[in-house]
Amino acid sequence: MLVINDLSLYQIKDLRTIIADFSFSLQKDMRVALIGEEGNGKSTLLKAIAKPSSIASYMEIKGEIHTTGEIIGYLPQVLADGVLDQTTDQYLQQKVDWNQFDYSRFYDLMGQMEFPESRISKEIKLRQLSGGEKIKFQLLCEMLRNPTILLLDEPSNDLDLMSVGWLERFINALKIPLMFVSHDEILLERCANTIIHLEQLRRKSQPQHTIASLTYSEYVKNRQDQIIRQTQVARKEQEEYDAKMERYRQIYQRVHHEQQTVSRQAPSVAKNLKDKMHSVKAMGRRFEREKERMTQRPDLEESILVRFGETISIPNGKQIIDLHLDTLEAGGLVLSKDLRFAVYGPKKVCIVGANGSGKTTLLRRILLELESSNISYGYMPQDYSEMMNPEETAIQFLAKTEKKDEHTKVRTYLGSMNFTPEEMFHPVMDLSGGQRAKLYFSKMILDRAEVLVLDEPTRNLSPLSGPEIRQALRSFAGCIIAVSHDRKFIKEVFDEVLLLDQNGLQVVNSEQFLDEKRASR
């Protein structure tokens, strides 16, 4: 059994406690979802359990993590370049004990995961696998180790809609306890039965955690209901207290005035007023004690603020893009034929399709068309490093000049995205995936982009940020062209959903399409 006692994680660089006094035991039937805003320590906690040495250079660990006798299967959010350069055969050879290798289980797992045996090769490197293939292959290797605990960090990030349905079935069929991080609210709703919520209050100066034996939907509802109740009680008590204090101030001022005007020849009156003032001050002290016992408004982590410019406007008939490709190709392979993609006005279009169907390749072709137009556009790649200098700070990534006024504006936007002053000066390679996603959103806002081209924009954002992001993009007055497998994102934001396959792009009914994917479970 995994048992954690009084665990604290202290970030050495920023002299900041990420997690404090955390105690938890992972029971047999638990499927635990770790939730919280970006940079709050979700991935760090999984690493502290699975590979504490991997965070020793930047995180001080205090407390106890007991994993004696456990075999921990761990799926990281990102694979290091050295691992990506290994062949799939090398990776498998390192992971399994060939003296106890169970070939029957090997083929059974490959069948369950729909992972072709031909992809395990001395010629194919991990970086050549599609995003979904990487996830399935890593899970295959971890499950061959017969783990007693499984830790998954954003396992749905690179999966297509069909594969996300497979992942839900895989998680719910597990016979071992699980801890996982995911941005996918539907995955959380369908799979988690325990929630650990990591928060950073008061501008990330005070860590707080909540452990609840609830489903994700129940936790979110209970939390919101509790916030509403506590806020209402606090407001009522504050109003009653304010009324008492107003009466107290009136009495105090009257007695004080009488003391100032009493005749020196009336000692008995002066004594009575002195006694009265003593009683009045005692009343004031009693009210102060009452204030200390009053219900406080909920101390919550500040939500992110995403607001696109209200002055952005695209006429309904304006041509954004009109692209016709005989073939869509990548790496010498023809992915699709006779592809036509036309968008006019402030339309919101989402492109879906299987892993490897060419969605990202198509977005890059769309970007080439936009570059030759006079339209202001912003791009958020799936691989954040594609347009980021890893050595640049967050401020340098956003600021176009060294002018003081511009840096002040940039810091204001970063503050609205819950960056601390220290994090604003971190190189982007030290930021979490979610923080880098927020940098791209900030850049598009500051650049006043009229067209947003987004490749899996919600893949690293906290599910608690999801509603804010969806509302901001739904209200955006410009055009959005996106690739996503985030089901709530697709349902709530887009006017049109296009399925990309080898025969081009076809319009699909989003409700029906997503329900069919669910039915495939």
# chains A, B, ... in the order shown; residues from 1 in each chain; ligands from 1
>>> closest_atom_pairs(of="segment 434-482 of chain A", to="segment 357-365 of chain A", cutoff="10 Å", atoms="only C-alpha atoms", output="tab-separated table")
residue	atom	partner	partner_atom	distance
A:Val453	CA	A:Leu363	CA	7.4
A:Leu454	CA	A:Leu363	CA	8.3
A:Asp455	CA	A:Thr360	CA	6.9
A:Glu456	CA	A:Thr360	CA	9.4
A:Ile481	CA	A:Leu363	CA	8.2
A:Ala482	CA	A:Leu363	CA	8.0
>>> write_last_selection(atoms="N, CA, C and O atoms", output="mmCIF file, in the first residue's frame")
data_model
loop_
_atom_site.group_PDB
_atom_site.id
_atom_site.type_symbol
_atom_site.label_atom_id
_atom_site.label_comp_id
_atom_site.auth_asym_id
_atom_site.auth_seq_id
_atom_site.Cartn_x
_atom_site.Cartn_y
_atom_site.Cartn_z
ATOM 1 N N VAL A 453 -5.640 29.894 -34.389
ATOM 2 C CA VAL A 453 -5.390 28.544 -34.887
ATOM 3 C C VAL A 453 -4.836 27.752 -33.712
ATOM 4 O O VAL A 453 -3.724 28.015 -33.241
ATOM 5 N N LEU A 454 -5.612 26.787 -33.224
ATOM 6 C CA LEU A 454 -5.311 26.131 -31.953
ATOM 7 C C LEU A 454 -5.187 24.623 -32.143
ATOM 8 O O LEU A 454 -6.123 23.974 -32.634
ATOM 9 N N ASP A 455 -4.062 24.075 -31.729
ATOM 10 C CA ASP A 455 -3.843 22.629 -31.814
ATOM 11 C C ASP A 455 -3.876 22.043 -30.400
ATOM 12 O O ASP A 455 -2.930 22.179 -29.634
ATOM 13 N N GLU A 456 -4.983 21.426 -30.057
ATOM 14 C CA GLU A 456 -5.212 20.852 -28.722
ATOM 15 C C GLU A 456 -4.972 21.908 -27.629
ATOM 16 O O GLU A 456 -4.120 21.716 -26.745
ATOM 17 N N ILE A 481 -10.062 28.260 -35.636
ATOM 18 C CA ILE A 481 -9.846 27.000 -36.344
ATOM 19 C C ILE A 481 -9.017 26.133 -35.407
ATOM 20 O O ILE A 481 -7.893 26.507 -35.053
ATOM 21 N N ALA A 482 -9.547 25.008 -34.981
ATOM 22 C CA ALA A 482 -8.874 24.230 -33.939
ATOM 23 C C ALA A 482 -8.908 22.741 -34.235
ATOM 24 O O ALA A 482 -9.764 22.245 -34.971
#
>>> residues_around(residues="Ile375 of chain A", least_positions_apart="4", cutoff="12 Å", atoms="only C-alpha atoms", output="PyMOL selection string")
chain A and resi 312-314+318-321+345+367-371+447-452+478-479
>>> write_last_selection(atoms="all heavy atoms", output="compact mmCIF listing (two decimals), in the first residue's frame")
# COMPACT_ATOMS: atom_id res chain seq x y z
N ILE A 312 -12.41 43.43 -31.39
CA ILE A 312 -12.14 42.52 -32.51
C ILE A 312 -13.46 42.15 -33.18
O ILE A 312 -14.42 41.75 -32.52
CB ILE A 312 -11.41 41.26 -32.02
CG1 ILE A 312 -9.98 41.61 -31.58
CG2 ILE A 312 -11.38 40.19 -33.10
CD1 ILE A 312 -9.23 40.47 -30.96
N SER A 313 -13.50 42.30 -34.48
CA SER A 313 -14.73 42.00 -35.21
C SER A 313 -14.38 41.61 -36.64
O SER A 313 -13.58 42.27 -37.30
CB SER A 313 -15.66 43.21 -35.20
OG SER A 313 -16.83 42.93 -35.94
N ILE A 314 -14.98 40.53 -37.12
CA ILE A 314 -14.78 40.07 -38.49
C ILE A 314 -16.13 40.06 -39.20
O ILE A 314 -17.08 39.44 -38.69
CB ILE A 314 -14.16 38.66 -38.52
CG1 ILE A 314 -12.73 38.68 -37.94
CG2 ILE A 314 -14.12 38.11 -39.93
CD1 ILE A 314 -12.06 37.32 -37.93
N LYS A 318 -16.50 37.89 -44.78
CA LYS A 318 -15.07 37.98 -45.06
C LYS A 318 -14.44 36.60 -45.21
O LYS A 318 -14.61 35.72 -44.36
CB LYS A 318 -14.36 38.75 -43.96
CG LYS A 318 -12.86 38.90 -44.21
CD LYS A 318 -12.19 39.79 -43.18
CE LYS A 318 -10.70 39.95 -43.48
NZ LYS A 318 -10.02 40.85 -42.54
N GLN A 319 -13.69 36.41 -46.30
CA GLN A 319 -13.01 35.13 -46.50
C GLN A 319 -11.79 35.03 -45.58
O GLN A 319 -10.90 35.85 -45.63
CB GLN A 319 -12.56 34.99 -47.95
CG GLN A 319 -11.79 33.71 -48.21
CD GLN A 319 -11.35 33.58 -49.66
OE1 GLN A 319 -12.16 33.63 -50.57
NE2 GLN A 319 -10.04 33.43 -49.87
N ILE A 320 -11.78 34.02 -44.75
CA ILE A 320 -10.63 33.76 -43.86
C ILE A 320 -9.66 32.84 -44.58
O ILE A 320 -8.45 33.09 -44.62
CB ILE A 320 -11.09 33.13 -42.54
CG1 ILE A 320 -12.13 34.02 -41.84
CG2 ILE A 320 -9.89 32.89 -41.63
CD1 ILE A 320 -11.66 35.41 -41.52
N ILE A 321 -10.20 31.78 -45.13
CA ILE A 321 -9.34 30.84 -45.86
C ILE A 321 -10.18 30.06 -46.86
O ILE A 321 -11.36 29.76 -46.61
CB ILE A 321 -8.63 29.88 -44.87
CG1 ILE A 321 -7.53 29.10 -45.59
CG2 ILE A 321 -9.62 28.94 -44.18
CD1 ILE A 321 -6.56 28.42 -44.63
N GLY A 345 -15.97 34.62 -42.30
CA GLY A 345 -16.50 35.34 -41.14
C GLY A 345 -16.04 34.77 -39.81
O GLY A 345 -15.10 33.97 -39.74
N LEU A 367 -1.88 27.56 -41.78
CA LEU A 367 -1.04 28.68 -41.34
C LEU A 367 -0.30 29.32 -42.52
O LEU A 367 -0.15 30.54 -42.58
CB LEU A 367 -0.03 28.21 -40.29
CG LEU A 367 -0.59 27.90 -38.90
CD1 LEU A 367 0.49 27.27 -38.03
CD2 LEU A 367 -1.12 29.17 -38.24
N LEU A 368 0.17 28.49 -43.46
CA LEU A 368 0.86 29.02 -44.64
C LEU A 368 -0.07 29.93 -45.44
O LEU A 368 0.35 30.97 -45.97
CB LEU A 368 1.36 27.87 -45.52
CG LEU A 368 2.52 27.04 -44.97
CD1 LEU A 368 2.84 25.88 -45.91
CD2 LEU A 368 3.76 27.91 -44.79
N GLU A 369 -1.34 29.55 -45.54
CA GLU A 369 -2.31 30.37 -46.26
C GLU A 369 -2.55 31.69 -45.52
O GLU A 369 -2.64 32.75 -46.14
CB GLU A 369 -3.63 29.61 -46.40
CG GLU A 369 -3.54 28.38 -47.26
CD GLU A 369 -3.22 28.69 -48.72
OE1 GLU A 369 -3.89 29.57 -49.29
OE2 GLU A 369 -2.28 28.07 -49.27
N LEU A 370 -2.64 31.62 -44.20
CA LEU A 370 -2.88 32.83 -43.42
C LEU A 370 -1.70 33.79 -43.48
O LEU A 370 -1.87 35.01 -43.45
CB LEU A 370 -3.20 32.48 -41.97
CG LEU A 370 -4.55 31.78 -41.71
CD1 LEU A 370 -4.65 31.33 -40.26
CD2 LEU A 370 -5.70 32.71 -42.06
N GLU A 371 -0.49 33.23 -43.55
CA GLU A 371 0.71 34.07 -43.63
C GLU A 371 0.71 34.95 -44.89
O GLU A 371 1.25 36.06 -44.88
CB GLU A 371 1.97 33.19 -43.61
CG GLU A 371 2.31 32.64 -42.23
CD GLU A 371 3.52 31.72 -42.28
OE1 GLU A 371 4.18 31.66 -43.34
OE2 GLU A 371 3.81 31.07 -41.26
N ASP A 447 -1.51 40.31 -28.88
CA ASP A 447 -1.31 40.56 -30.31
C ASP A 447 -2.61 40.93 -31.02
O ASP A 447 -2.59 41.22 -32.21
CB ASP A 447 -0.70 39.34 -30.98
CG ASP A 447 0.75 39.11 -30.59
OD1 ASP A 447 1.34 40.02 -29.98
OD2 ASP A 447 1.29 38.02 -30.88
N ARG A 448 -3.73 40.89 -30.29
CA ARG A 448 -5.03 41.21 -30.85
C ARG A 448 -5.32 40.39 -32.10
O ARG A 448 -5.75 40.91 -33.15
CB ARG A 448 -5.14 42.71 -31.15
CG ARG A 448 -4.97 43.58 -29.91
CD ARG A 448 -5.10 45.05 -30.24
NE ARG A 448 -6.34 45.34 -30.95
CZ ARG A 448 -7.55 45.38 -30.40
NH1 ARG A 448 -7.68 45.12 -29.09
NH2 ARG A 448 -8.62 45.66 -31.11
N ALA A 449 -5.11 39.08 -31.99
CA ALA A 449 -5.33 38.18 -33.13
C ALA A 449 -6.82 38.11 -33.48
O ALA A 449 -7.68 37.99 -32.60
CB ALA A 449 -4.80 36.79 -32.79
N GLU A 450 -7.11 38.17 -34.78
CA GLU A 450 -8.49 38.05 -35.27
C GLU A 450 -8.86 36.60 -35.56
O GLU A 450 -10.04 36.24 -35.53
CB GLU A 450 -8.67 38.87 -36.54
CG GLU A 450 -8.47 40.36 -36.36
CD GLU A 450 -8.57 41.10 -37.67
OE1 GLU A 450 -7.96 40.65 -38.67
OE2 GLU A 450 -9.27 42.13 -37.70
N VAL A 451 -7.85 35.79 -35.86
CA VAL A 451 -8.06 34.37 -36.13
C VAL A 451 -7.16 33.57 -35.19
O VAL A 451 -5.96 33.85 -35.10
CB VAL A 451 -7.74 34.02 -37.60
CG1 VAL A 451 -7.91 32.51 -37.83
CG2 VAL A 451 -8.63 34.80 -38.54
N LEU A 452 -7.74 32.62 -34.50
CA LEU A 452 -6.97 31.76 -33.60
C LEU A 452 -6.87 30.37 -34.21
O LEU A 452 -7.89 29.75 -34.53
CB LEU A 452 -7.66 31.66 -32.22
CG LEU A 452 -8.04 32.98 -31.53
CD1 LEU A 452 -8.66 32.68 -30.17
CD2 LEU A 452 -6.85 33.90 -31.41
N GLY A 478 -13.83 36.83 -33.06
CA GLY A 478 -13.10 36.49 -34.27
C GLY A 478 -13.38 35.07 -34.71
O GLY A 478 -14.38 34.45 -34.34
N CYS A 479 -12.47 34.54 -35.51
CA CYS A 479 -12.60 33.19 -36.07
C CYS A 479 -11.67 32.23 -35.32
O CYS A 479 -10.56 32.61 -34.93
CB CYS A 479 -12.24 33.23 -37.56
SG CYS A 479 -12.10 31.61 -38.34
>>> select_by_dssp(residues="segment 449-495 of chain A", states="helix (DSSP H, G or I)", output="PyMOL selection string")
chain A and resi 466-475+487-493
>>> atom_distance(atom1="atom CA of Gly36 of chain A", atom2="atom CA of Gly63 of chain A")
21.6 Å
>>> closest_residue(among="A:Trp98, A:Phe489, A:Phe441, A:Phe419", to="Ser205 of chain A", atoms="only C-alpha atoms")
A:Phe419
>>> residues_around(residues="segment 132-135 of chain A", least_positions_apart="4", cutoff="12 Å", atoms="only C-alpha atoms", output="JSON, numbers by chain")
{"A": [74, 75, 76, 77, 78, 79, 83, 84, 87, 88, 91, 110, 113, 114, 115, 116, 117, 119, 120, 124, 125, 126, 127, 128, 139, 140, 141, 142, 152, 153, 154, 155, 156, 157, 158, 159, 160, 161, 162, 163, 164, 166, 167, 354, 355, 356, 357, 485]}
>>> select_by_dssp(residues="segment 359-436 of chain A", states="strand (DSSP E or B)", output="PyMOL selection string")
chain A and resi 377-380+393+427
>>> write_last_selection(atoms="N, CA and C atoms", output="mmCIF file, in the first residue's frame")
data_model
loop_
_atom_site.group_PDB
_atom_site.id
_atom_site.type_symbol
_atom_site.label_atom_id
_atom_site.label_comp_id
_atom_site.auth_asym_id
_atom_site.auth_seq_id
_atom_site.Cartn_x
_atom_site.Cartn_y
_atom_site.Cartn_z
ATOM 1 N N TYR A 377 -3.395 36.775 -37.083
ATOM 2 C CA TYR A 377 -3.742 35.465 -36.516
ATOM 3 C C TYR A 377 -2.765 35.090 -35.402
ATOM 4 N N GLY A 378 -3.224 34.204 -34.531
ATOM 5 C CA GLY A 378 -2.383 33.650 -33.479
ATOM 6 C C GLY A 378 -2.400 32.139 -33.560
ATOM 7 N N TYR A 379 -1.281 31.517 -33.210
ATOM 8 C CA TYR A 379 -1.148 30.062 -33.339
ATOM 9 C C TYR A 379 -0.690 29.472 -32.012
ATOM 10 N N MET A 380 -1.361 28.430 -31.601
ATOM 11 C CA MET A 380 -0.970 27.691 -30.397
ATOM 12 C C MET A 380 -0.693 26.251 -30.816
ATOM 13 N N THR A 393 12.463 34.044 -20.779
ATOM 14 C CA THR A 393 11.538 34.110 -19.652
ATOM 15 C C THR A 393 10.120 34.301 -20.187
ATOM 16 N N PRO A 427 12.723 30.831 -17.002
ATOM 17 C CA PRO A 427 12.776 30.407 -18.405
ATOM 18 C C PRO A 427 11.585 29.492 -18.691
#
>>> closest_residue(among="A:His426, A:Lys347, A:Arg307, A:Arg247", to="Ile469 of chain A", atoms="only C-alpha atoms")
A:Arg307
